[in-house]
$ cat model-v5.pdb   # PDB, C-alpha atoms and all ligand atoms
ATOM      1  CA  MET A   1    -325.347  87.481 136.447  1.00  0.00           C
ATOM      2  CA  MET A   2    -328.711  88.388 137.929  1.00  0.00           C
ATOM      3  CA  SER A   3    -331.867  86.399 137.259  1.00  0.00           C
ATOM      4  CA  ILE A   4    -334.970  87.677 135.465  1.00  0.00           C
ATOM      5  CA  THR A   5    -336.707  87.834 138.834  1.00  0.00           C
ATOM      6  CA  GLU A   6    -333.944  89.911 140.398  1.00  0.00           C
ATOM      7  CA  ASN A   7    -333.754  92.218 137.391  1.00  0.00           C
ATOM      8  CA  TYR A   8    -337.503  92.774 137.286  1.00  0.00           C
ATOM      9  CA  GLN A   9    -337.727  93.489 140.974  1.00  0.00           C
ATOM     10  CA  LYS A  10    -334.722  95.805 140.887  1.00  0.00           C
ATOM     11  CA  ILE A  11    -336.162  97.937 138.067  1.00  0.00           C
ATOM     12  CA  SER A  12    -339.647  97.970 139.642  1.00  0.00           C
ATOM     13  CA  ALA A  13    -338.222  99.191 142.914  1.00  0.00           C
ATOM     14  CA  GLU A  14    -336.112 101.812 141.207  1.00  0.00           C
ATOM     15  CA  ILE A  15    -338.819 103.565 139.158  1.00  0.00           C
ATOM     16  CA  PRO A  16    -341.657 105.724 140.539  1.00  0.00           C
ATOM     17  CA  ASP A  17    -344.882 103.894 141.447  1.00  0.00           C
ATOM     18  CA  TYR A  18    -346.898 105.632 138.711  1.00  0.00           C
ATOM     19  CA  VAL A  19    -344.711 104.139 135.972  1.00  0.00           C
ATOM     20  CA  THR A  20    -346.004 100.927 134.364  1.00  0.00           C
ATOM     21  CA  ILE A  21    -343.524  98.393 133.010  1.00  0.00           C
ATOM     22  CA  VAL A  22    -344.481  96.730 129.736  1.00  0.00           C
ATOM     23  CA  LEU A  23    -341.910  93.985 129.323  1.00  0.00           C
ATOM     24  CA  ALA A  24    -340.719  93.605 125.745  1.00  0.00           C
ATOM     25  CA  GLY A  25    -340.846  89.856 125.288  1.00  0.00           C
ATOM     26  CA  LYS A  26    -339.613  89.352 121.733  1.00  0.00           C
ATOM     27  CA  THR A  27    -337.539  86.206 121.144  1.00  0.00           C
ATOM     28  CA  LYS A  28    -338.070  85.090 124.743  1.00  0.00           C
ATOM     29  CA  THR A  29    -339.132  81.565 125.725  1.00  0.00           C
ATOM     30  CA  PRO A  30    -342.320  80.754 127.664  1.00  0.00           C
ATOM     31  CA  GLU A  31    -340.102  79.783 130.608  1.00  0.00           C
ATOM     32  CA  GLU A  32    -338.521  83.232 130.652  1.00  0.00           C
ATOM     33  CA  ILE A  33    -341.854  85.047 130.353  1.00  0.00           C
ATOM     34  CA  SER A  34    -343.317  82.774 133.002  1.00  0.00           C
ATOM     35  CA  GLU A  35    -340.517  83.689 135.387  1.00  0.00           C
ATOM     36  CA  ALA A  36    -341.138  87.375 134.738  1.00  0.00           C
ATOM     37  CA  ILE A  37    -344.854  86.963 135.495  1.00  0.00           C
ATOM     38  CA  ASP A  38    -344.017  85.199 138.741  1.00  0.00           C
ATOM     39  CA  ALA A  39    -341.691  88.083 139.547  1.00  0.00           C
ATOM     40  CA  GLY A  40    -344.633  90.479 139.230  1.00  0.00           C
ATOM     41  CA  ALA A  41    -344.847  91.436 135.548  1.00  0.00           C
ATOM     42  CA  THR A  42    -348.423  92.392 134.654  1.00  0.00           C
ATOM     43  CA  ASN A  43    -347.915  93.878 131.176  1.00  0.00           C
ATOM     44  CA  ILE A  44    -346.104  92.203 128.298  1.00  0.00           C
ATOM     45  CA  GLY A  45    -345.370  93.587 124.854  1.00  0.00           C
ATOM     46  CA  GLU A  46    -345.040  91.381 121.786  1.00  0.00           C
ATOM     47  CA  ASN A  47    -343.872  92.423 118.317  1.00  0.00           C
ATOM     48  CA  TYR A  48    -345.373  89.596 116.319  1.00  0.00           C
ATOM     49  CA  VAL A  49    -348.899  88.192 116.352  1.00  0.00           C
ATOM     50  CA  GLN A  50    -347.802  84.608 115.799  1.00  0.00           C
ATOM     51  CA  GLU A  51    -345.180  84.706 118.542  1.00  0.00           C
ATOM     52  CA  ALA A  52    -347.713  86.146 120.949  1.00  0.00           C
ATOM     53  CA  GLU A  53    -350.289  83.546 120.051  1.00  0.00           C
ATOM     54  CA  ALA A  54    -347.862  80.676 120.672  1.00  0.00           C
ATOM     55  CA  MET A  55    -346.663  82.284 123.892  1.00  0.00           C
ATOM     56  CA  ILE A  56    -350.146  82.749 125.327  1.00  0.00           C
ATOM     57  CA  LYS A  57    -351.074  79.179 124.448  1.00  0.00           C
ATOM     58  CA  LYS A  58    -348.004  77.801 126.213  1.00  0.00           C
ATOM     59  CA  LEU A  59    -348.500  79.976 129.282  1.00  0.00           C
ATOM     60  CA  GLY A  60    -352.051  78.671 129.751  1.00  0.00           C
ATOM     61  CA  ASP A  61    -353.866  80.183 132.740  1.00  0.00           C
ATOM     62  CA  LYS A  62    -350.881  82.312 133.644  1.00  0.00           C
ATOM     63  CA  ALA A  63    -351.395  84.352 130.473  1.00  0.00           C
ATOM     64  CA  HIS A  64    -354.612  85.723 131.976  1.00  0.00           C
ATOM     65  CA  ARG A  65    -352.643  87.474 134.709  1.00  0.00           C
ATOM     66  CA  VAL A  66    -351.152  89.768 132.102  1.00  0.00           C
ATOM     67  CA  ARG A  67    -352.262  92.615 129.857  1.00  0.00           C
ATOM     68  CA  TRP A  68    -350.902  91.862 126.383  1.00  0.00           C
ATOM     69  CA  HIS A  69    -349.659  94.775 124.271  1.00  0.00           C
ATOM     70  CA  MET A  70    -349.010  94.654 120.534  1.00  0.00           C
ATOM     71  CA  ILE A  71    -345.879  96.788 120.203  1.00  0.00           C
ATOM     72  CA  GLY A  72    -344.902  95.750 116.675  1.00  0.00           C
ATOM     73  CA  HIS A  73    -346.160  96.834 113.290  1.00  0.00           C
ATOM     74  CA  LEU A  74    -349.602  95.269 112.722  1.00  0.00           C
ATOM     75  CA  GLN A  75    -350.288  94.111 109.175  1.00  0.00           C
ATOM     76  CA  LYS A  76    -353.847  94.222 107.904  1.00  0.00           C
ATOM     77  CA  ASN A  77    -354.001  90.486 107.335  1.00  0.00           C
ATOM     78  CA  LYS A  78    -353.065  89.857 110.978  1.00  0.00           C
ATOM     79  CA  ILE A  79    -355.745  92.049 112.552  1.00  0.00           C
ATOM     80  CA  ASN A  80    -358.314  89.265 112.953  1.00  0.00           C
ATOM     81  CA  LYS A  81    -355.740  87.091 114.669  1.00  0.00           C
ATOM     82  CA  ALA A  82    -354.416  89.912 116.821  1.00  0.00           C
ATOM     83  CA  LEU A  83    -357.717  91.137 118.226  1.00  0.00           C
ATOM     84  CA  PRO A  84    -358.602  88.186 120.450  1.00  0.00           C
ATOM     85  CA  ILE A  85    -355.020  87.972 121.741  1.00  0.00           C
ATOM     86  CA  PHE A  86    -354.124  91.543 122.574  1.00  0.00           C
ATOM     87  CA  ASP A  87    -355.620  93.909 125.105  1.00  0.00           C
ATOM     88  CA  VAL A  88    -353.797  96.899 123.682  1.00  0.00           C
ATOM     89  CA  ILE A  89    -352.563  97.823 120.203  1.00  0.00           C
ATOM     90  CA  LYS A  90    -349.854 100.409 120.567  1.00  0.00           C
ATOM     91  CA  THR A  91    -348.967 100.998 116.961  1.00  0.00           C
ATOM     92  CA  ILE A  92    -351.796 102.986 115.345  1.00  0.00           C
ATOM     93  CA  ASP A  93    -350.194 105.213 112.738  1.00  0.00           C
ATOM     94  CA  SER A  94    -352.835 105.730 110.077  1.00  0.00           C
ATOM     95  CA  LEU A  95    -356.536 106.390 109.981  1.00  0.00           C
ATOM     96  CA  LYS A  96    -356.891 103.507 107.570  1.00  0.00           C
ATOM     97  CA  LYS A  97    -355.292 101.085 110.022  1.00  0.00           C
ATOM     98  CA  ALA A  98    -357.505 102.398 112.804  1.00  0.00           C
ATOM     99  CA  LYS A  99    -360.609 101.886 110.669  1.00  0.00           C
ATOM    100  CA  ASP A 100    -359.478  98.416 109.599  1.00  0.00           C
ATOM    101  CA  ILE A 101    -359.175  97.465 113.263  1.00  0.00           C
ATOM    102  CA  ASP A 102    -362.413  99.169 114.331  1.00  0.00           C
ATOM    103  CA  LYS A 103    -364.392  97.207 111.723  1.00  0.00           C
ATOM    104  CA  ARG A 104    -363.189  93.872 113.078  1.00  0.00           C
ATOM    105  CA  VAL A 105    -363.459  94.322 116.849  1.00  0.00           C
ATOM    106  CA  GLU A 106    -367.021  93.018 117.285  1.00  0.00           C
ATOM    107  CA  LYS A 107    -366.381  89.990 115.098  1.00  0.00           C
ATOM    108  CA  ALA A 108    -363.506  89.142 117.416  1.00  0.00           C
ATOM    109  CA  GLY A 109    -366.005  89.026 120.273  1.00  0.00           C
ATOM    110  CA  LYS A 110    -364.961  92.271 121.923  1.00  0.00           C
ATOM    111  CA  LYS A 111    -366.762  95.531 122.565  1.00  0.00           C
ATOM    112  CA  SER A 112    -363.652  97.622 122.191  1.00  0.00           C
ATOM    113  CA  ILE A 113    -359.872  97.535 122.102  1.00  0.00           C
ATOM    114  CA  SER A 114    -357.417  99.925 123.729  1.00  0.00           C
ATOM    115  CA  VAL A 115    -355.074 101.677 121.344  1.00  0.00           C
ATOM    116  CA  PHE A 116    -352.086 104.004 121.384  1.00  0.00           C
ATOM    117  CA  VAL A 117    -351.083 106.291 118.558  1.00  0.00           C
ATOM    118  CA  GLU A 118    -347.465 105.741 117.574  1.00  0.00           C
ATOM    119  CA  ILE A 119    -345.262 108.715 116.812  1.00  0.00           C
ATOM    120  CA  ASN A 120    -342.002 108.346 114.926  1.00  0.00           C
ATOM    121  CA  ILE A 121    -340.544 111.319 116.699  1.00  0.00           C
ATOM    122  CA  GLY A 122    -337.117 110.975 115.078  1.00  0.00           C
ATOM    123  CA  ASN A 123    -338.506 110.893 111.502  1.00  0.00           C
ATOM    124  CA  GLU A 124    -336.696 107.609 110.881  1.00  0.00           C
ATOM    125  CA  ASP A 125    -337.539 105.777 107.665  1.00  0.00           C
ATOM    126  CA  SER A 126    -336.704 102.450 109.318  1.00  0.00           C
ATOM    127  CA  LYS A 127    -339.457 102.892 111.901  1.00  0.00           C
ATOM    128  CA  SER A 128    -343.221 103.065 111.753  1.00  0.00           C
ATOM    129  CA  GLY A 129    -345.295 105.739 113.428  1.00  0.00           C
ATOM    130  CA  LEU A 130    -346.461 109.205 112.405  1.00  0.00           C
ATOM    131  CA  MET A 131    -343.549 111.400 111.374  1.00  0.00           C
ATOM    132  CA  PRO A 132    -343.572 115.057 112.432  1.00  0.00           C
ATOM    133  CA  GLU A 133    -341.633 116.022 109.314  1.00  0.00           C
ATOM    134  CA  ALA A 134    -344.353 114.645 107.050  1.00  0.00           C
ATOM    135  CA  HIS A 135    -347.198 116.442 108.828  1.00  0.00           C
ATOM    136  CA  GLU A 136    -346.137 119.926 109.841  1.00  0.00           C
ATOM    137  CA  PRO A 137    -347.439 121.655 111.864  1.00  0.00           C
ATOM    138  CA  PHE A 138    -347.382 118.345 113.706  1.00  0.00           C
ATOM    139  CA  GLU A 139    -349.044 119.403 116.977  1.00  0.00           C
ATOM    140  CA  GLU A 140    -352.045 120.520 114.961  1.00  0.00           C
ATOM    141  CA  TYR A 141    -351.992 117.386 112.818  1.00  0.00           C
ATOM    142  CA  MET A 142    -351.858 115.100 115.850  1.00  0.00           C
ATOM    143  CA  GLU A 143    -354.843 116.765 117.433  1.00  0.00           C
ATOM    144  CA  GLN A 144    -356.904 116.311 114.272  1.00  0.00           C
ATOM    145  CA  PHE A 145    -355.672 112.729 113.893  1.00  0.00           C
ATOM    146  CA  ILE A 146    -356.704 111.826 117.435  1.00  0.00           C
ATOM    147  CA  ARG A 147    -360.071 113.533 116.957  1.00  0.00           C
ATOM    148  CA  GLN A 148    -360.706 111.273 113.994  1.00  0.00           C
ATOM    149  CA  ILE A 149    -359.651 108.121 115.827  1.00  0.00           C
ATOM    150  CA  ALA A 150    -361.932 109.155 118.676  1.00  0.00           C
ATOM    151  CA  THR A 151    -364.974 108.844 116.403  1.00  0.00           C
ATOM    152  CA  LEU A 152    -364.329 105.130 115.893  1.00  0.00           C
ATOM    153  CA  LYS A 153    -366.677 103.354 118.290  1.00  0.00           C
ATOM    154  CA  HIS A 154    -364.622 100.285 119.014  1.00  0.00           C
ATOM    155  CA  LEU A 155    -361.293 101.958 119.712  1.00  0.00           C
ATOM    156  CA  LYS A 156    -360.370 103.445 123.069  1.00  0.00           C
ATOM    157  CA  VAL A 157    -357.419 105.803 122.851  1.00  0.00           C
ATOM    158  CA  GLU A 158    -355.242 105.428 125.951  1.00  0.00           C
ATOM    159  CA  GLY A 159    -352.172 107.368 124.998  1.00  0.00           C
ATOM    160  CA  LEU A 160    -349.142 107.805 122.801  1.00  0.00           C
ATOM    161  CA  MET A 161    -346.135 105.624 122.165  1.00  0.00           C
ATOM    162  CA  THR A 162    -342.792 106.426 120.646  1.00  0.00           C
ATOM    163  CA  MET A 163    -339.562 104.525 120.110  1.00  0.00           C
ATOM    164  CA  GLY A 164    -337.324 107.446 119.309  1.00  0.00           C
ATOM    165  CA  PRO A 165    -333.893 107.103 117.768  1.00  0.00           C
ATOM    166  CA  ARG A 166    -331.569 104.709 119.572  1.00  0.00           C
ATOM    167  CA  PHE A 167    -328.344 106.267 120.799  1.00  0.00           C
ATOM    168  CA  GLY A 168    -325.429 104.895 122.775  1.00  0.00           C
ATOM    169  CA  ASN A 169    -325.825 107.869 125.051  1.00  0.00           C
ATOM    170  CA  PRO A 170    -329.453 108.123 126.261  1.00  0.00           C
ATOM    171  CA  GLU A 171    -329.029 111.861 126.922  1.00  0.00           C
ATOM    172  CA  LYS A 172    -329.336 112.283 123.167  1.00  0.00           C
ATOM    173  CA  SER A 173    -332.855 110.878 123.369  1.00  0.00           C
ATOM    174  CA  ARG A 174    -333.953 113.586 125.767  1.00  0.00           C
ATOM    175  CA  PRO A 175    -335.094 116.229 123.216  1.00  0.00           C
ATOM    176  CA  PHE A 176    -337.142 113.585 121.374  1.00  0.00           C
ATOM    177  CA  PHE A 177    -338.873 112.490 124.571  1.00  0.00           C
ATOM    178  CA  LYS A 178    -339.424 116.116 125.527  1.00  0.00           C
ATOM    179  CA  ARG A 179    -341.203 116.898 122.289  1.00  0.00           C
ATOM    180  CA  THR A 180    -343.364 113.778 122.537  1.00  0.00           C
ATOM    181  CA  LYS A 181    -344.408 114.826 126.049  1.00  0.00           C
ATOM    182  CA  GLN A 182    -345.371 118.278 124.778  1.00  0.00           C
ATOM    183  CA  ILE A 183    -347.579 116.721 122.114  1.00  0.00           C
ATOM    184  CA  PHE A 184    -349.078 114.397 124.732  1.00  0.00           C
ATOM    185  CA  ASP A 185    -349.865 117.272 127.112  1.00  0.00           C
ATOM    186  CA  ARG A 186    -351.396 119.369 124.373  1.00  0.00           C
ATOM    187  CA  ILE A 187    -353.803 116.603 123.369  1.00  0.00           C
ATOM    188  CA  LYS A 188    -354.609 115.844 126.983  1.00  0.00           C
ATOM    189  CA  GLU A 189    -355.555 119.479 127.601  1.00  0.00           C
ATOM    190  CA  LYS A 190    -358.122 119.337 124.804  1.00  0.00           C
ATOM    191  CA  ASN A 191    -360.189 116.769 126.729  1.00  0.00           C
ATOM    192  CA  ILE A 192    -361.321 115.085 123.552  1.00  0.00           C
ATOM    193  CA  GLN A 193    -364.387 112.926 124.017  1.00  0.00           C
ATOM    194  CA  ASN A 194    -363.670 109.176 123.951  1.00  0.00           C
ATOM    195  CA  VAL A 195    -359.953 109.857 124.413  1.00  0.00           C
ATOM    196  CA  GLU A 196    -358.194 109.178 127.664  1.00  0.00           C
ATOM    197  CA  MET A 197    -354.638 110.474 127.439  1.00  0.00           C
ATOM    198  CA  LYS A 198    -353.558 108.290 130.302  1.00  0.00           C
ATOM    199  CA  TYR A 199    -350.269 106.779 129.196  1.00  0.00           C
ATOM    200  CA  LEU A 200    -347.187 108.101 127.512  1.00  0.00           C
ATOM    201  CA  SER A 201    -345.189 105.025 126.543  1.00  0.00           C
ATOM    202  CA  MET A 202    -341.527 105.768 125.938  1.00  0.00           C
ATOM    203  CA  GLY A 203    -338.197 104.488 127.158  1.00  0.00           C
ATOM    204  CA  MET A 204    -336.448 101.158 126.610  1.00  0.00           C
ATOM    205  CA  SER A 205    -333.547  99.446 128.358  1.00  0.00           C
ATOM    206  CA  ASN A 206    -330.949 102.082 127.699  1.00  0.00           C
ATOM    207  CA  SER A 207    -333.230 105.116 127.836  1.00  0.00           C
ATOM    208  CA  TYR A 208    -335.957 104.484 130.408  1.00  0.00           C
ATOM    209  CA  LYS A 209    -334.449 106.730 133.069  1.00  0.00           C
ATOM    210  CA  VAL A 210    -334.264 109.744 130.771  1.00  0.00           C
ATOM    211  CA  ALA A 211    -337.740 108.908 129.419  1.00  0.00           C
ATOM    212  CA  ILE A 212    -339.232 108.921 132.926  1.00  0.00           C
ATOM    213  CA  GLU A 213    -337.521 112.223 133.683  1.00  0.00           C
ATOM    214  CA  GLU A 214    -339.182 113.601 130.569  1.00  0.00           C
ATOM    215  CA  GLY A 215    -342.660 112.423 131.516  1.00  0.00           C
ATOM    216  CA  SER A 216    -343.005 108.797 130.462  1.00  0.00           C
ATOM    217  CA  ASN A 217    -345.339 106.766 132.655  1.00  0.00           C
ATOM    218  CA  MET A 218    -345.056 103.515 130.699  1.00  0.00           C
ATOM    219  CA  ILE A 219    -341.644 102.076 129.849  1.00  0.00           C
ATOM    220  CA  ARG A 220    -340.878  99.092 127.619  1.00  0.00           C
ATOM    221  CA  PRO A 221    -337.646  97.446 128.748  1.00  0.00           C
ATOM    222  CA  GLY A 222    -336.486  94.114 127.332  1.00  0.00           C
ATOM    223  CA  THR A 223    -332.743  93.504 127.422  1.00  0.00           C
ATOM    224  CA  ILE A 224    -332.184  95.001 130.843  1.00  0.00           C
ATOM    225  CA  ILE A 225    -334.506  92.428 132.373  1.00  0.00           C
ATOM    226  CA  PHE A 226    -334.010  89.383 130.165  1.00  0.00           C
ATOM    227  CA  GLY A 227    -330.406  89.833 129.079  1.00  0.00           C
ATOM    228  CA  LYS A 228    -329.211  90.258 125.500  1.00  0.00           C
ATOM    229  CA  ARG A 229    -331.271  88.705 122.710  1.00  0.00           C
ATOM    230  CA  SER A 230    -329.279  86.134 120.777  1.00  0.00           C
ATOM    231  CA  CYS A 231    -330.611  87.329 117.460  1.00  0.00           C
ATOM    232  CA  ASP A 232    -331.486  90.946 117.852  1.00  0.00           C
ATOM    233  CA  THR A 233    -333.706  92.304 115.111  1.00  0.00           C
ATOM    234  CA  SER A 234    -334.567  95.550 116.851  1.00  0.00           C
ATOM    235  CA  SER A 235    -332.992  98.801 115.860  1.00  0.00           C
TER     236      SER A 235
HETATM  237  C1  LIG A 301    -337.494  95.413 121.477  1.00  0.00           C
HETATM  238  C2  LIG A 301    -338.395  96.510 121.834  1.00  0.00           C
HETATM  239  C3  LIG A 301    -338.281  97.153 123.077  1.00  0.00           C
HETATM  240  C4  LIG A 301    -337.244  96.786 124.106  1.00  0.00           C
HETATM  241  O1  LIG A 301    -335.940  97.071 123.690  1.00  0.00           O
HETATM  242  P1  LIG A 301    -334.703  96.839 124.691  1.00  0.00           P
HETATM  243  O2  LIG A 301    -333.619  97.641 124.115  1.00  0.00           O
HETATM  244  O3  LIG A 301    -334.429  95.360 124.684  1.00  0.00           O
HETATM  245  O4  LIG A 301    -335.140  97.289 126.018  1.00  0.00           O
HETATM  246  C5  LIG A 301    -339.185  98.166 123.358  1.00  0.00           C
HETATM  247  N1  LIG A 301    -340.123  98.557 122.489  1.00  0.00           N
HETATM  248  C6  LIG A 301    -340.261  97.978 121.289  1.00  0.00           C
HETATM  249  C7  LIG A 301    -341.313  98.467 120.368  1.00  0.00           C
HETATM  250  C8  LIG A 301    -339.394  96.944 120.917  1.00  0.00           C
HETATM  251  O5  LIG A 301    -339.516  96.383 119.710  1.00  0.00           O
END
$ encode --input "model-v5.pdb" --output "structure tokens" --more "lines below"
Ligand SMILES: *Cc1c(COP(=O)(O)O)cnc(C)c1O
Amino acid sequence: MMSITENYQKISAEIPDYVTIVLAGKTKTPEEISEAIDAGATNIGENYVQEAEAMIKKLGDKAHRVRWHMIGHLQKNKINKALPIFDVIKTIDSLKKAKDIDKRVEKAGKKSISVFVEINIGNEDSKSGLMPEAHEPFEEYMEQFIRQIATLKHLKVEGLMTMGPRFGNPEKSRPFFKRTKQIFDRIKEKNIQNVEMKYLSMGMSNSYKVAIEEGSNMIRPGTIIFGKRSCDTSS
């Protein structure tokens, strides 16, 4: 079995230079995350505010070498706790949530926070994110949504994130990634003020190759670097 270091370095070497790895760290120990940071990891995703808080505390100074991404659903009552911890919130899926965050940024001692809008491209009830099915014509809806987020002074839109349905065969994910890329490109072309469509975050352990082929420049692998989670709550 390969170590975390070997796995991280293998994947980094294998993907194009313009692709950022955000390591999905859920259920991992500080020792495991620490090894990944030593191996070169500079971006870590956490699903839960409390887990992230404990992790950052245990990592001490080493935590400052990393950009921390909130990749899980953010509840309103966790926003105040999340803001000082995270550099990026990747799960904006309602104007209300965006406003709730915007209102609290200054109190958390920050000027602004980077955000991604999350799309639930597979229209799955089990997942969060904006569903195309619920907002047709979706391309139009997304543009208007982003324009509204862009008016919030303390949020900096950096891109889009999607999970997409999980298949055994990653080829099945391809059409979902393709559509997300089209939406991404369309918004990017509009050059909306205060919006920097810099990152398209899609692709996990089993699908990152297909995701990169379809235009992802920010992947979120977990298992393929850390090994299987003992209690896997992801779907
Ligand atoms: C768990 C998780 C991942 C990583 O999944 P793997 O299959 O372990 O690569 C990526 N993104 C999010 C939002 C996750 O919750």
$ resolve_selection --input "model-v5.pdb" --expression "the PyMOL selection byres (((chain A and resi 90) around 12) and not hetatm)" --output "NGL selection string"
:A and (22 or 44-47 or 68-74 or 86-89 or 91-93 or 97-98 or 113-119 or 128-129 or 155-163 or 199-202 or 218 or 220)
$ residues_near_ligand --input "model-v5.pdb" --ligand "ligand LIG 301 (chain A)" --cutoff "8 Å" --atoms "all atoms listed in the file" --output "list in words"
Leu23, Ala24, Gly25, Lys26, Gly45, Glu46, Asn47, Ile71, Gly72, Met163, Gly203, Met204, Ser205, Asn206, Ile219, Arg220, Pro221, Gly222, Thr223, Ile224, Lys228, Arg229, Ser234 and Ser235 of chain A
$ write_last_selection --input "model-v5.pdb" --atoms "C-alpha atoms" --output "mmCIF file, in the coordinates of the input"
data_model
loop_
_atom_site.group_PDB
_atom_site.id
_atom_site.type_symbol
_atom_site.label_atom_id
_atom_site.label_comp_id
_atom_site.auth_asym_id
_atom_site.auth_seq_id
_atom_site.Cartn_x
_atom_site.Cartn_y
_atom_site.Cartn_z
ATOM 1 C CA LEU A 23 -341.910 93.985 129.323
ATOM 2 C CA ALA A 24 -340.719 93.605 125.745
ATOM 3 C CA GLY A 25 -340.846 89.856 125.288
ATOM 4 C CA LYS A 26 -339.613 89.352 121.733
ATOM 5 C CA GLY A 45 -345.370 93.587 124.854
ATOM 6 C CA GLU A 46 -345.040 91.381 121.786
ATOM 7 C CA ASN A 47 -343.872 92.423 118.317
ATOM 8 C CA ILE A 71 -345.879 96.788 120.203
ATOM 9 C CA GLY A 72 -344.902 95.750 116.675
ATOM 10 C CA MET A 163 -339.562 104.525 120.110
ATOM 11 C CA GLY A 203 -338.197 104.488 127.158
ATOM 12 C CA MET A 204 -336.448 101.158 126.610
ATOM 13 C CA SER A 205 -333.547 99.446 128.358
ATOM 14 C CA ASN A 206 -330.949 102.082 127.699
ATOM 15 C CA ILE A 219 -341.644 102.076 129.849
ATOM 16 C CA ARG A 220 -340.878 99.092 127.619
ATOM 17 C CA PRO A 221 -337.646 97.446 128.748
ATOM 18 C CA GLY A 222 -336.486 94.114 127.332
ATOM 19 C CA THR A 223 -332.743 93.504 127.422
ATOM 20 C CA ILE A 224 -332.184 95.001 130.843
ATOM 21 C CA LYS A 228 -329.211 90.258 125.500
ATOM 22 C CA ARG A 229 -331.271 88.705 122.710
ATOM 23 C CA SER A 234 -334.567 95.550 116.851
ATOM 24 C CA SER A 235 -332.992 98.801 115.860
#
$ residues_around --input "model-v5.pdb" --residues "Glu133 of chain A" --least-positions-apart "5" --cutoff "9 Å" --atoms "only C-alpha atoms" --output "list of chain:residue names"
A:Ile121, A:Gly122, A:Asn123, A:Phe138
$ closest_residue --input "model-v5.pdb" --among "A:Lys111, A:Ile21, A:Glu143, A:Thr42" --to "His64 of chain A" --atoms "all atoms listed in the file"
A:Thr42
$ axis_aligned_box --input "model-v5.pdb" --around "segment 12-31 of chain A" --padding-each-side "5 Å" --output "JSON"
{"center_x": -341.5, "center_y": 92.8, "center_z": 132.0, "size_x": 20.8, "size_y": 35.9, "size_z": 31.8}
$ atom_distance --input "model-v5.pdb" --atom1 "atom CA of Thr20 of chain A" --atom2 "atom CA of Asn43 of chain A"
8.0 Å
$ decode --input "model-v5.pdb" --residues "segment 111-115 of chain A" --atoms "all heavy atoms" --output "PDB file, in the first residue's frame"
ATOM      1  N   LYS A 111     -12.294  41.286   5.863  1.00  0.00           N
ATOM      2  CA  LYS A 111     -12.857  42.231   4.895  1.00  0.00           C
ATOM      3  C   LYS A 111     -13.808  41.515   3.955  1.00  0.00           C
ATOM      4  O   LYS A 111     -14.842  42.028   3.562  1.00  0.00           O
ATOM      5  CB  LYS A 111     -11.727  42.846   4.070  1.00  0.00           C
ATOM      6  CG  LYS A 111     -11.065  44.045   4.708  1.00  0.00           C
ATOM      7  CD  LYS A 111     -10.605  45.015   3.603  1.00  0.00           C
ATOM      8  CE  LYS A 111      -9.876  46.208   4.162  1.00  0.00           C
ATOM      9  NZ  LYS A 111      -8.421  46.001   4.233  1.00  0.00           N
ATOM     10  N   SER A 112     -13.389  40.309   3.558  1.00  0.00           N
ATOM     11  CA  SER A 112     -14.218  39.552   2.625  1.00  0.00           C
ATOM     12  C   SER A 112     -13.913  38.065   2.751  1.00  0.00           C
ATOM     13  O   SER A 112     -12.931  37.680   3.382  1.00  0.00           O
ATOM     14  CB  SER A 112     -13.954  40.007   1.186  1.00  0.00           C
ATOM     15  OG  SER A 112     -12.632  39.697   0.831  1.00  0.00           O
ATOM     16  N   ILE A 113     -14.760  37.266   2.141  1.00  0.00           N
ATOM     17  CA  ILE A 113     -14.540  35.818   2.113  1.00  0.00           C
ATOM     18  C   ILE A 113     -14.785  35.325   0.678  1.00  0.00           C
ATOM     19  O   ILE A 113     -15.699  35.803   0.002  1.00  0.00           O
ATOM     20  CB  ILE A 113     -15.431  35.074   3.130  1.00  0.00           C
ATOM     21  CG1 ILE A 113     -15.169  33.566   3.118  1.00  0.00           C
ATOM     22  CG2 ILE A 113     -16.929  35.318   2.885  1.00  0.00           C
ATOM     23  CD1 ILE A 113     -14.702  33.011   4.412  1.00  0.00           C
ATOM     24  N   SER A 114     -13.955  34.403   0.243  1.00  0.00           N
ATOM     25  CA  SER A 114     -14.120  33.831  -1.090  1.00  0.00           C
ATOM     26  C   SER A 114     -15.236  32.796  -1.070  1.00  0.00           C
ATOM     27  O   SER A 114     -15.322  32.003  -0.129  1.00  0.00           O
ATOM     28  CB  SER A 114     -12.832  33.161  -1.543  1.00  0.00           C
ATOM     29  OG  SER A 114     -11.812  34.122  -1.651  1.00  0.00           O
ATOM     30  N   VAL A 115     -16.058  32.817  -2.086  1.00  0.00           N
ATOM     31  CA  VAL A 115     -17.153  31.851  -2.152  1.00  0.00           C
ATOM     32  C   VAL A 115     -17.265  31.219  -3.542  1.00  0.00           C
ATOM     33  O   VAL A 115     -16.831  31.791  -4.531  1.00  0.00           O
ATOM     34  CB  VAL A 115     -18.527  32.487  -1.788  1.00  0.00           C
ATOM     35  CG1 VAL A 115     -18.529  33.006  -0.358  1.00  0.00           C
ATOM     36  CG2 VAL A 115     -18.925  33.584  -2.767  1.00  0.00           C
TER      37      VAL A 115
END
